[in-house]
Structures are given as structure tokens and as C-alpha cells.
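Student: Submitted below is the structure of interest, expressed as C-alpha cells.
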Amino acid sequence: MEFAHRYVNALPGDTSKDNRRREITGAAWSLVHPETVRDPKLLSWSPELAADLGLPDGWEQSTDWLAWLSGNAVPPGAMPYAMNYGGHQFGNWAGQLGDGRAINLGEIQDSSGVWQTLQLKGAGPTPYSRTADGRAVLRSSIREFLCSEAMHHLGIPTTRALSLVDTGDQVVRDMFYDGRAAPEPGAIVCRVAPSFLRFGNFQIHAARKEKDLLAQLVRWTIEEYYPDIDADAPDAPLHLVQSVLERTAALVADWMRVGFVHGVLNTDNMSVLGLTIDYGPYGWVDHFDPDFTPNTTDAHSRRYVFGNQPRVAHWNVAQFAQALLPLTDDVEGLQALVDTFPRVFSSAYESRMAAKLGLETLEDASLIKDLFDWMQDIETDWTLFFRGLMEIDPDDPRATLLDHAFYSPPRLDQLETIQAWLTRWAEATLEEGDFHDARMERMAAANPWFIPRNYLVFEAIEAAEKGTIEPLDALFEAARRPYEVHEDLEHFAARRPDWARVQPGASMLSCSS
Ligand code: AMP
Ligand code: MG
């Protein structure tokens with residue numbers, strides 16, 4: 001494994017290796033060093049990602065790898081650094097944030113020749129740690145590890161997770177911000193992505209009027225990740241905004257397809273490559289509810305609820321565009337571009353929703369709107385409903401086949417509404433000529449059988465904290481093939497049990513991690 005230092009070499013940085021918390025100006029990164037941990041253990045790893053990275057056979061047994069993945073040793077050739085970025089948190093400019101507990105080891109080339117950055121999350125403090133400790137707890141690390149890989153296998157762009165290491169150290173957290181701080185097991189996830197650049201990496205230099213550095217960063221991003229754009233053209237920043245906008249719209253449309261709620265869509269948690277990044281108090285809708293958020297920190301303002309994600313993504317893209325404003329004279333052009341977000345999103349969204357319904361095209365968008373109306377009225381499980389729809393014969397659509405998707409039995413008038421909607425769906429399907437196999441293929445690719453439901457992950461975390469890793473392994477097994485039916489894991493494709501409806505740690509999470 002050979003490390004390159006492409007990002008560090010391309011951009012100015014702070015080489016002092018002084019981990020003291022401070023403002024870092026005129027620099028895109030800071031050299032740092034992971035802190036050692038007491039007794040690291042590899043709890044889980046992703047075989048698919050290891051294969052993509054071309055890791056040697058038996059790497060997961062190797063003491064060298066364990067030392068590298070826990071921060072107890074730095075692999076030969078690595079030059080650990082933390083990135084400098086800022087961001088808007090809950091709509092307010094928060095200034096410098098940066099990698100406060102994420103330490104990048106450098107880039108390695110994967111088996112298809114793509115440069116991938118390896119990053120240890122929870123490996124100790126950096127100049128960006130502010131008042132925090134640079135560490136991560138096991139519960140949030142399990143959530144990040146599992147969901148990164150689940151997202152990848154769902155076919156949704158995301159940062160990846162190679163490994164989950166229990167550090168053997170305790171980390172103190174006040175999980176519910178109620179003054180009851182307690183020690184918890186610490187952990188480190190090795191995250192992997194072509195780049196961890198966020199909107200906030202651009203915003204910080206714009207906010208500090210570091211125009212040359214901003215221009216350098218834009219050039220690097222275009223040359224590395226958007227090679228179709230001519231970095232020398234005067235309108236290059238506009239093209240970058242357009243590409244980022246398109247990827248962001250597609251990403252959010254994918255989240256809506258599978259019922260994912262990110263939970264903290266601050267601009268420092270928005271990837272410039274359109275990847276899902278920073279798994280914190282995220283969740284999945286069980287019953288369809290556009291107003292759902294698992295993030296208790298957002299319970300009041302409800303900025304980041306499920307149904308608001310497209311609007312917030314639009315706002316975030318506007319902040320990204322604003323950060324590039326110093327590099328263009330074409331303010332109107334930039335604004336016009338940002339204004340296309342709703343249209344670009346709708347088109348991405350409608351094609352995904354059509355696929356979920358098994359339709360080639362969504363001729364009548366009211367089919368979706370009316371579906372959502374009754375789904376909200378009759379608490380309906382998002383995932384189970386669409387898998388259930390796959391069982392329904394358009395020549396004889398029967399609502400009874402959807403029984404298992406409802407959280408309580410529908411009343412007679414509600415049944416009538418469902419039946420009427422199903423009849424419309426069946427007509428739309430038959431109008432397309434119902435090519436059964438093609439329809440089933442579309443639906444099977446758009447509607448996962450498995451999603452890592454909040455309560456399932458909660459149960460796996462409770463077990464892991466007591467030293468039992470098997471429940472996590474079982475979830476990971478299903479997450480690696482989410483569109484397949486896993487008959488031996490039938491209970492993973494069931495409605496959320498009642499106890500989990502309002503359950504701290506499952507449907508209620510804080511940012512404490
Ligand atoms: P997040 O809410 O995870 O997106 O984090 C926001 C900012 O806080 C980022 O700059 C993180 O690196 C930083 N941060 C979060 N948790 C910690 C921690 N335990 N130690 C140091 N920095 C942290
Ligand atoms: Mg973050």
C-alpha cells in the first residue's frame with residue numbers, strides 16, 4: 001500500500017503539528033498525529049471495500065493493520081492531516097469547524113485506479129477540536145460503520161467504512177444533554193472516500209476573504225473530480241456549482257426513495273462530490289411521515305425533517321454558490337443556476353418514484369401526491385408498502401395484500417381510499433402495457449427489502465456494548481444485499497415494534513457522539 005499526498009501537496013497548509021485548538025488561517029489543512037489507544041480490537045470490517053482497495057489477504061488478522069486502524073501507529077508513507085472547513089449550522093454561520101476528530105492518513109489507489117482517502121474518525125484531537133476530545137463512542141461508530149456500507153449497497157453515493165475498532169478506552173458523553181455525563185466505550189471508524197471535501201471547505205476561505213486559496217481549491221476540485229469542466233474557463237466556477245447541484249439533487253432524491261433522514265444537513269455535512277457524509281443522528285422513516293426527524297437537537301425548529309431535505313439541500317447549494325461568488329462576475333448567472341434546483345430535484349425524484357411504483361414514466365404526478373396523502377392518514381410503513389405493491393396484480397388489485405404495511409387496521413372508509421388509489425395505479429400500469437418482468441425488475445431495484453431500521457441498529461448497539469457482536473453481524477449481512485429477500489432474517493423486514501416508536505437511542509437521537 002503506497003500513500004500519496006495529493007491534497008496536501010496541491011494546497012497550502014499548516015505544518016506546525018501543534019494540536020492546540022486554534023484558528024488556522026491561510027491553510028486548507030493541518031498536519032496532526034493520531035493519539036494512541038489502550039487495547040484496540042477489530043469488531044467489524046467491510047470485505048467488499050477491502051477488496052476494492054486491493055488490501056492483502058489476511059489484512060484483518062494483521063497486527064500492523066490493527067495498529068494503523070486504531071491510530072496506534074501510522075502506516076509507512078502516511079502523512080496524517082486534518083482538513084480546515086467551516087459551515088452553517090442550523091442556518092447560522094458557525095465559522096471554523098474543521099476535522100475535529102477525523103484524521104486523514106493520505107490517499108491510496110484502489111483496484112480501479114481511483115485515489116481514495118483513508119480517514120480515522122475518533123483518533124484524537126486536532127487544532128479543529130474546539131472544546132471536544134477528538135474521540136467517538138462505540139454507539140455512533142457502529143451507526144456510521146453500518147449505515148455507510150448499507151447506503152453503498154443501496155446504490156446511493158456515500159463515504160465508505162472499512163473498519164470498526166473498539167479502542168479499549170472509555171469516552172465520557174452526556175448523551176441527552178441533561179447533565180448525566182457517563183463513560184462509554186470508545187471506537188474508531190476508518191472512513192474511505194475519493195474526497196471528504198465539504199461545502200464548508202470552500203465557505204471558510206470565502207468567509208476569510210482568502211481568494212487565492214479559494215481559487216486554488218476550486219481548481220483542484222475541478223481537475224481531480226470534475227475533469228469534464230475546463231478549469232481555465234472563466235465560467236468554471238458556475239460549471240462546478242451546476243455539477244455539485246445536480247449530484248446533490250440526485251443524492252437527496254435517493255434518500256427520499258429509501259426513506260433516509262440525514263438529521264444534520266449543515267453545510268459542513270454536505271459533500272462536494274454529492275456523497276452521503278457524516279452519519280450522526282440520522283434515521284429512516286418507518287411509517288411515512290414527512291415531518292419525522294430522529295434528531296432531538298432539531299426537534300424544535302424541524303429544519304432537517306424527512307420532507308424538508310430537498311428545500312434544505314437547495315439552501316445549502318445556494319451557500320456553496322455564494323462561497324464561489326468571489327471567483328466570478330456573473331452573479332445573475334450563478335443565481336439563475338441555483339434557482340434550477342427545485343426543477344432538477346423534481347425530475348430526479350419523479351423518476352425514482354415512478355420506478356418505485358413500477359412505472360416507466362410518471363404521467364400523472366397526482367398519483368404520488370394522493371398516495372402520500374392517504375399514507376400519512378393511515379400510518380403506512382414506507383418500505384413494506386412498496387415491497388407489498390410488488391405482490392399486487394394490476395389485473396386484480398387487492399388492498400388486503402398490503403395489510404402488513406399498516407400500523408393499525410384501516411377503517412372501512414380508509415380501505416375504500418386505498419382501493420381507489422390501487423385501481424388508479426393498476427390502470428396506469430396497464431396503460432404502459434404492463435411488461436411484467438420489466439416492471440418487477442424496476443420495482444425490485446428501487447424498493448429495498450432491507451433498511452437498517454433505527455430500532456434494529458439500537459438493539460445491535462445494546463448487544464455490542466455488552467460484548468455481543470452477532471446482532472451487528474446479522475444486520476451487516478442483510479445490509480450488504482438489501483434488495484434481496486433474506487428468508488433466514490425475516491424479522492428484519494417487519495414493522496417497527498411499538499416500544500420503538502418513541503425510544504431514546506432509536507427514534508430519538510442527539511448529536512452527542
Ligand atoms: P458534526 O456535528 O459531527 O458534523 O461536527 C461538527 C464539528 O464538530 C466538526 O468540526 C467536527 O469535527 C467537530 N466535532 C464533533 N465531535 C467532536 C469531538 N468529539 N471532538 C472534536 N471535534 C468534534
Ligand atoms: Mg460533520
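Just remember, in the C-alpha cells the first chain shown is A, the second B, etc., residues are 1-based per chain, and ligands are 1-based in the order shown.
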All residues within 9 Å of ligand 2 are required, counting only C-alpha atoms and all ligand atoms; please report them as a list in words.
Tutor: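 With only C-alpha atoms and all ligand atoms and a cut-off of 9 Å, ligand 2 is contacted by Leu97, Gly98, Asp99, Val264, Leu265, Asn266, Thr267, Asp268, Asn269, Met270, Ile277, Asp278, Tyr279 and Gly280 of chain A.
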Student: Using N, CA and C atoms, can you export the residues from the last selection as a PDB file, in the first residue's frame?
Tutor:
```pdb
ATOM      1  N   LEU A  97     -14.848  25.119  11.687  1.00  0.00           N
ATOM      2  CA  LEU A  97     -15.183  23.843  12.338  1.00  0.00           C
ATOM      3  C   LEU A  97     -14.002  22.890  12.117  1.00  0.00           C
ATOM      4  N   GLY A  98     -13.890  22.352  10.913  1.00  0.00           N
ATOM      5  CA  GLY A  98     -12.731  21.520  10.573  1.00  0.00           C
ATOM      6  C   GLY A  98     -12.828  20.107  11.125  1.00  0.00           C
ATOM      7  N   ASP A  99     -11.870  19.269  10.727  1.00  0.00           N
ATOM      8  CA  ASP A  99     -11.813  17.886  11.218  1.00  0.00           C
ATOM      9  C   ASP A  99     -11.376  17.910  12.678  1.00  0.00           C
ATOM     10  N   VAL A 264     -28.772  16.088  10.134  1.00  0.00           N
ATOM     11  CA  VAL A 264     -27.996  17.319  10.383  1.00  0.00           C
ATOM     12  C   VAL A 264     -27.396  17.820   9.070  1.00  0.00           C
ATOM     13  N   LEU A 265     -28.256  18.380   8.226  1.00  0.00           N
ATOM     14  CA  LEU A 265     -27.750  18.824   6.919  1.00  0.00           C
ATOM     15  C   LEU A 265     -27.143  20.221   6.993  1.00  0.00           C
ATOM     16  N   ASN A 266     -26.198  20.387   7.900  1.00  0.00           N
ATOM     17  CA  ASN A 266     -25.413  21.618   7.945  1.00  0.00           C
ATOM     18  C   ASN A 266     -24.470  21.630   6.747  1.00  0.00           C
ATOM     19  N   THR A 267     -23.991  22.814   6.360  1.00  0.00           N
ATOM     20  CA  THR A 267     -23.193  22.858   5.131  1.00  0.00           C
ATOM     21  C   THR A 267     -21.824  22.194   5.298  1.00  0.00           C
ATOM     22  N   ASP A 268     -21.422  21.952   6.545  1.00  0.00           N
ATOM     23  CA  ASP A 268     -20.178  21.194   6.741  1.00  0.00           C
ATOM     24  C   ASP A 268     -20.425  19.692   6.607  1.00  0.00           C
ATOM     25  N   ASN A 269     -21.685  19.303   6.465  1.00  0.00           N
ATOM     26  CA  ASN A 269     -22.004  17.888   6.276  1.00  0.00           C
ATOM     27  C   ASN A 269     -22.509  17.611   4.869  1.00  0.00           C
ATOM     28  N   MET A 270     -22.164  18.513   3.950  1.00  0.00           N
ATOM     29  CA  MET A 270     -22.572  18.372   2.545  1.00  0.00           C
ATOM     30  C   MET A 270     -21.326  18.140   1.705  1.00  0.00           C
ATOM     31  N   ILE A 277     -22.515  12.007   3.781  1.00  0.00           N
ATOM     32  CA  ILE A 277     -21.335  12.142   4.640  1.00  0.00           C
ATOM     33  C   ILE A 277     -21.772  12.529   6.053  1.00  0.00           C
ATOM     34  N   ASP A 278     -21.029  12.067   7.036  1.00  0.00           N
ATOM     35  CA  ASP A 278     -21.246  12.388   8.448  1.00  0.00           C
ATOM     36  C   ASP A 278     -22.550  11.809   8.989  1.00  0.00           C
ATOM     37  N   TYR A 279     -22.479  10.544   9.313  1.00  0.00           N
ATOM     38  CA  TYR A 279     -23.647   9.846   9.861  1.00  0.00           C
ATOM     39  C   TYR A 279     -23.747  10.138  11.352  1.00  0.00           C
ATOM     40  N   GLY A 280     -24.651  11.007  11.716  1.00  0.00           N
ATOM     41  CA  GLY A 280     -24.868  11.357  13.121  1.00  0.00           C
ATOM     42  C   GLY A 280     -26.242  10.880  13.563  1.00  0.00           C
TER      43      GLY A 280
END
```
Student: Tell me which protein, DNA and RNA residues are within 6 Å of A:Leu162, counting only C-alpha atoms, leaving out same-chain ones fewer than 6 positions away, and put them as a CSV table (one decimal) with N, CA, C and O atoms, in the first residue's frame.
Tutor:
```csv
chain,number,residue,atom,x,y,z
A,45,TRP,N,-15.5,-5.3,9.8
A,45,TRP,CA,-14.9,-4.7,8.6
A,45,TRP,C,-15.7,-5.0,7.4
A,45,TRP,O,-16.5,-5.9,7.4
A,46,SER,N,-15.4,-4.2,6.3
A,46,SER,CA,-16.2,-4.4,5.1
A,46,SER,C,-15.3,-5.2,4.1
A,46,SER,O,-14.3,-4.6,3.5
A,190,CYS,N,-12.7,3.6,10.2
A,190,CYS,CA,-11.8,4.1,9.1
A,190,CYS,C,-12.8,4.4,7.9
A,190,CYS,O,-13.4,3.5,7.4
```
Student: Find the residue from A:Met175, A:Ala445, A:Leu213, A:Ile461 that sits nearest to A:Thr25; use only C-alpha atoms when measuring.
Tutor: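 Of A:Met175, A:Ala445, A:Leu213, A:Ile461, the one nearest A:Thr25, counting only C-alpha atoms, is A:Leu213.
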Student: All residues within 10 Å of ligand 1 are required, counting only C-alpha atoms and all ligand atoms; please report them as a PyMOL selection string.
Tutor: chain A and resi 21+82-87+89+94-103+121-137+171-173+200+264-270+277-281+510-513
Student: Report as a list in words all protein, DNA and RNA residues lying within 9 Å of A:Arg387, evaluated on only C-alpha atoms, omitting residues in the same chain fewer than 6 positions from it.
Tutor: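 These residues fall inside the cut-off: Lys356, Met443, Ala444, Asn447, Pro448 and Trp449 of chain A.
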Student: Can you tell me which residues surround stretch 452-459 of chain A at a distance of at most 8 Å, considering only C-alpha atoms, apart from same-chain residues fewer than 2 positions away, and format the answer as a ChimeraX atom specification?
Tutor: /A:143,147,150,283-284,286,450,461-463,471-472,475,479,492,496,500,505-507
Student: Suppose we keep N, CA and C atoms; can you now write the selection as an mmCIF file, in the first residue's frame?
Tutor:
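File produced: part08.cif:
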```
data_model
loop_
_atom_site.group_PDB
_atom_site.id
_atom_site.type_symbol
_atom_site.label_atom_id
_atom_site.label_comp_id
_atom_site.auth_asym_id
_atom_site.auth_seq_id
_atom_site.Cartn_x
_atom_site.Cartn_y
_atom_site.Cartn_z
ATOM 1 N N ARG A 143 -23.167 3.013 14.244
ATOM 2 C CA ARG A 143 -24.157 3.609 13.340
ATOM 3 C C ARG A 143 -23.498 4.094 12.049
ATOM 4 N N CYS A 147 -24.193 2.035 8.488
ATOM 5 C CA CYS A 147 -25.020 2.778 7.536
ATOM 6 C C CYS A 147 -24.226 3.190 6.297
ATOM 7 N N ALA A 150 -24.355 0.120 4.253
ATOM 8 C CA ALA A 150 -25.739 -0.105 3.812
ATOM 9 C C ALA A 150 -26.075 0.843 2.662
ATOM 10 N N GLY A 283 -31.727 8.742 10.534
ATOM 11 C CA GLY A 283 -32.728 7.696 10.771
ATOM 12 C C GLY A 283 -33.433 7.341 9.474
ATOM 13 N N TRP A 284 -34.399 6.456 9.587
ATOM 14 C CA TRP A 284 -35.202 6.017 8.438
ATOM 15 C C TRP A 284 -36.652 6.164 8.839
ATOM 16 N N ASP A 286 -40.067 4.822 9.348
ATOM 17 C CA ASP A 286 -40.776 3.543 9.354
ATOM 18 C C ASP A 286 -42.120 3.825 8.700
ATOM 19 N N PHE A 450 -34.527 -4.597 2.679
ATOM 20 C CA PHE A 450 -33.943 -4.297 3.988
ATOM 21 C C PHE A 450 -33.438 -2.862 4.052
ATOM 22 N N ILE A 461 -26.595 -2.209 18.893
ATOM 23 C CA ILE A 461 -25.672 -1.405 19.705
ATOM 24 C C ILE A 461 -25.724 -1.858 21.160
ATOM 25 N N GLU A 462 -26.939 -2.064 21.677
ATOM 26 C CA GLU A 462 -27.064 -2.521 23.067
ATOM 27 C C GLU A 462 -26.286 -3.812 23.268
ATOM 28 N N ALA A 463 -26.390 -4.726 22.302
ATOM 29 C CA ALA A 463 -25.691 -6.011 22.412
ATOM 30 C C ALA A 463 -24.180 -5.791 22.335
ATOM 31 N N PRO A 471 -25.541 -9.664 16.667
ATOM 32 C CA PRO A 471 -26.656 -8.897 16.078
ATOM 33 C C PRO A 471 -26.172 -7.869 15.042
ATOM 34 N N LEU A 472 -25.032 -7.256 15.298
ATOM 35 C CA LEU A 472 -24.475 -6.324 14.312
ATOM 36 C C LEU A 472 -24.076 -7.085 13.042
ATOM 37 N N LEU A 475 -27.135 -7.782 10.954
ATOM 38 C CA LEU A 475 -27.605 -6.582 10.243
ATOM 39 C C LEU A 475 -26.704 -6.279 9.053
ATOM 40 N N ALA A 479 -27.551 -5.868 5.177
ATOM 41 C CA ALA A 479 -27.252 -4.562 4.575
ATOM 42 C C ALA A 479 -26.403 -4.707 3.312
ATOM 43 N N PHE A 492 -36.229 -8.922 10.061
ATOM 44 C CA PHE A 492 -35.674 -7.611 9.698
ATOM 45 C C PHE A 492 -36.614 -6.842 8.773
ATOM 46 N N ARG A 496 -41.861 -1.615 12.586
ATOM 47 C CA ARG A 496 -41.238 -1.221 13.845
ATOM 48 C C ARG A 496 -42.154 -1.596 15.016
ATOM 49 N N ALA A 500 -40.563 0.871 20.137
ATOM 50 C CA ALA A 500 -39.507 1.658 19.490
ATOM 51 C C ALA A 500 -40.013 2.954 18.867
ATOM 52 N N GLY A 505 -32.353 6.703 21.662
ATOM 53 C CA GLY A 505 -31.330 5.810 21.115
ATOM 54 C C GLY A 505 -31.781 5.114 19.846
ATOM 55 N N ALA A 506 -33.112 5.122 19.597
ATOM 56 C CA ALA A 506 -33.601 4.507 18.355
ATOM 57 C C ALA A 506 -34.280 5.569 17.502
ATOM 58 N N SER A 507 -35.455 6.042 17.959
ATOM 59 C CA SER A 507 -36.151 7.068 17.182
ATOM 60 C C SER A 507 -35.832 8.465 17.701
#
```
Student: Compile the contact shell of A:Tyr407 as a count of residues only: residues with an atom at most 8 Å away, counting only C-alpha atoms, same-chain residues fewer than 5 positions apart removed.
Tutor: 6
Student: Counting only C-alpha atoms, what is within 10 Å of A:Met375, bar same-chain residues fewer than 2 positions away, as a list in words?
Tutor: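 Answer for this query is His287, Phe288, Asp289, Lys369, Asp370, Leu371, Phe372, Asp373, Asp377, Ile378, Glu379, Thr380, Asp381, Trp382, Phe385, Phe406 and Ile418 of chain A.
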Student: Mind dumping the selected residues with N, CA, C and O atoms as a PDB file, in the first residue's frame?
Tutor:
```pdb
ATOM      1  N   HIS A 287     -43.067   4.411   9.462  1.00  0.00           N
ATOM      2  CA  HIS A 287     -44.282   4.866   8.775  1.00  0.00           C
ATOM      3  C   HIS A 287     -43.960   6.195   8.105  1.00  0.00           C
ATOM      4  O   HIS A 287     -43.206   7.010   8.631  1.00  0.00           O
ATOM      5  N   PHE A 288     -44.518   6.359   6.900  1.00  0.00           N
ATOM      6  CA  PHE A 288     -44.244   7.554   6.108  1.00  0.00           C
ATOM      7  C   PHE A 288     -44.701   8.797   6.864  1.00  0.00           C
ATOM      8  O   PHE A 288     -45.869   8.919   7.241  1.00  0.00           O
ATOM      9  N   ASP A 289     -43.759   9.700   7.106  1.00  0.00           N
ATOM     10  CA  ASP A 289     -44.087  10.930   7.816  1.00  0.00           C
ATOM     11  C   ASP A 289     -43.085  12.007   7.414  1.00  0.00           C
ATOM     12  O   ASP A 289     -41.946  11.996   7.857  1.00  0.00           O
ATOM     13  N   LYS A 369     -48.853  12.236  -5.150  1.00  0.00           N
ATOM     14  CA  LYS A 369     -49.373  13.148  -4.141  1.00  0.00           C
ATOM     15  C   LYS A 369     -50.515  12.497  -3.363  1.00  0.00           C
ATOM     16  O   LYS A 369     -50.569  12.546  -2.133  1.00  0.00           O
ATOM     17  N   ASP A 370     -51.417  11.856  -4.086  1.00  0.00           N
ATOM     18  CA  ASP A 370     -52.565  11.215  -3.432  1.00  0.00           C
ATOM     19  C   ASP A 370     -52.125  10.021  -2.584  1.00  0.00           C
ATOM     20  O   ASP A 370     -52.671   9.778  -1.510  1.00  0.00           O
ATOM     21  N   LEU A 371     -51.125   9.314  -3.073  1.00  0.00           N
ATOM     22  CA  LEU A 371     -50.577   8.199  -2.287  1.00  0.00           C
ATOM     23  C   LEU A 371     -50.060   8.719  -0.943  1.00  0.00           C
ATOM     24  O   LEU A 371     -50.366   8.172   0.115  1.00  0.00           O
ATOM     25  N   PHE A 372     -49.272   9.806  -1.010  1.00  0.00           N
ATOM     26  CA  PHE A 372     -48.701  10.364   0.223  1.00  0.00           C
ATOM     27  C   PHE A 372     -49.788  10.845   1.166  1.00  0.00           C
ATOM     28  O   PHE A 372     -49.670  10.730   2.378  1.00  0.00           O
ATOM     29  N   ASP A 373     -50.851  11.403   0.584  1.00  0.00           N
ATOM     30  CA  ASP A 373     -51.953  11.895   1.428  1.00  0.00           C
ATOM     31  C   ASP A 373     -52.538  10.761   2.263  1.00  0.00           C
ATOM     32  O   ASP A 373     -52.668  10.880   3.473  1.00  0.00           O
ATOM     33  N   ASP A 377     -52.310   9.638   6.428  1.00  0.00           N
ATOM     34  CA  ASP A 377     -53.550   9.495   7.175  1.00  0.00           C
ATOM     35  C   ASP A 377     -53.630   8.103   7.808  1.00  0.00           C
ATOM     36  O   ASP A 377     -54.049   7.932   8.963  1.00  0.00           O
ATOM     37  N   ILE A 378     -53.209   7.103   7.052  1.00  0.00           N
ATOM     38  CA  ILE A 378     -53.259   5.717   7.516  1.00  0.00           C
ATOM     39  C   ILE A 378     -51.813   5.309   7.733  1.00  0.00           C
ATOM     40  O   ILE A 378     -51.125   4.988   6.773  1.00  0.00           O
ATOM     41  N   GLU A 379     -51.315   5.379   8.948  1.00  0.00           N
ATOM     42  CA  GLU A 379     -49.883   5.132   9.174  1.00  0.00           C
ATOM     43  C   GLU A 379     -49.403   3.909   8.400  1.00  0.00           C
ATOM     44  O   GLU A 379     -49.778   2.779   8.717  1.00  0.00           O
ATOM     45  N   THR A 380     -48.567   4.168   7.399  1.00  0.00           N
ATOM     46  CA  THR A 380     -48.175   3.101   6.482  1.00  0.00           C
ATOM     47  C   THR A 380     -46.662   2.994   6.430  1.00  0.00           C
ATOM     48  O   THR A 380     -45.967   4.001   6.269  1.00  0.00           O
ATOM     49  N   ASP A 381     -46.152   1.793   6.536  1.00  0.00           N
ATOM     50  CA  ASP A 381     -44.709   1.594   6.505  1.00  0.00           C
ATOM     51  C   ASP A 381     -44.185   1.808   5.081  1.00  0.00           C
ATOM     52  O   ASP A 381     -44.624   1.151   4.131  1.00  0.00           O
ATOM     53  N   TRP A 382     -43.224   2.712   4.962  1.00  0.00           N
ATOM     54  CA  TRP A 382     -42.697   3.114   3.661  1.00  0.00           C
ATOM     55  C   TRP A 382     -42.095   1.921   2.914  1.00  0.00           C
ATOM     56  O   TRP A 382     -42.431   1.655   1.760  1.00  0.00           O
ATOM     57  N   PHE A 385     -44.688  -1.078   2.345  1.00  0.00           N
ATOM     58  CA  PHE A 385     -45.724  -0.767   1.350  1.00  0.00           C
ATOM     59  C   PHE A 385     -45.221  -1.041  -0.068  1.00  0.00           C
ATOM     60  O   PHE A 385     -45.877  -1.700  -0.865  1.00  0.00           O
ATOM     61  N   PHE A 406     -49.543  -1.671   7.393  1.00  0.00           N
ATOM     62  CA  PHE A 406     -50.259  -0.661   8.182  1.00  0.00           C
ATOM     63  C   PHE A 406     -50.010  -0.829   9.674  1.00  0.00           C
ATOM     64  O   PHE A 406     -50.028  -1.943  10.186  1.00  0.00           O
ATOM     65  N   ILE A 418     -57.789   3.474  -0.168  1.00  0.00           N
ATOM     66  CA  ILE A 418     -56.642   2.678  -0.618  1.00  0.00           C
ATOM     67  C   ILE A 418     -57.011   1.924  -1.897  1.00  0.00           C
ATOM     68  O   ILE A 418     -56.265   1.918  -2.871  1.00  0.00           O
TER      69      ILE A 418
END
```
Student: Pick out the residues sitting within 8 Å of A:Pro394, and hand them over as an NGL selection string; count only C-alpha atoms, and ignore anything fewer than 6 positions along from it in its own chain.
Tutor: :A and (423 or 425-427 or 429-430)
Student: Could you check which of A:Leu49, A:Val338, A:Val344, A:Ala464 is closest to A:His153, using only C-alpha atoms?
Tutor: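 Distance minimum relative to A:His153 lands on A:Leu49.
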Student: Taking only stretch 90-252 of chain A into account, list the residues labelled strand (DSSP E) by DSSP (computed from the backbone), as JSON, numbers by chain.
Tutor: {"A": [92, 93, 94, 95, 96, 102, 103, 104, 105, 106, 107, 108, 109, 115, 116, 117, 118, 119, 120, 121, 160, 161, 162, 163, 164, 165, 166, 167, 168, 169, 170, 171, 172, 173, 182, 183, 184, 185, 186, 187, 188, 189, 190, 191, 192, 193]}
Student: Please return as a PyMOL selection string: the residues of stretch 5-167 of chain A that backbone DSSP assigns to helix (DSSP H, G or I).
Tutor: chain A and resi 6-10+47-52+59-61+63-70+138-153
Student: Between A:Gly71, A:Gly113, A:Gly259, A:Gly168, which one has atoms that come closest to A:Met353, using only C-alpha atoms?
Tutor: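 Going through A:Gly71, A:Gly113, A:Gly259, A:Gly168 one by one, the smallest distance to A:Met353 is for A:Gly259.
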Student: Check the smallest atom-to-atom distance from each of A:Asp339, A:Asp52, A:Glu223, A:Glu35 to A:Ala73 using only C-alpha atoms, then report the winner.
Tutor: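 Ranked by minimum distance to A:Ala73, first place goes to A:Glu35.
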Student: Given only C-alpha atoms as the basis, pick out the residue of A:Pro397, A:Leu42, A:Pro47, A:His5 nearest to A:Gln61.
Tutor: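 For A:Gln61, the nearest of the given residues is A:Leu42.
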Student: Can you work out which one of A:Pro40, A:Pro80, A:Gly106, A:Pro183 has the shortest atom-to-atom distance to A:Thr167, counting only C-alpha atoms?
Tutor: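 Counting only C-alpha atoms, the residue closest to A:Thr167 is A:Pro40.
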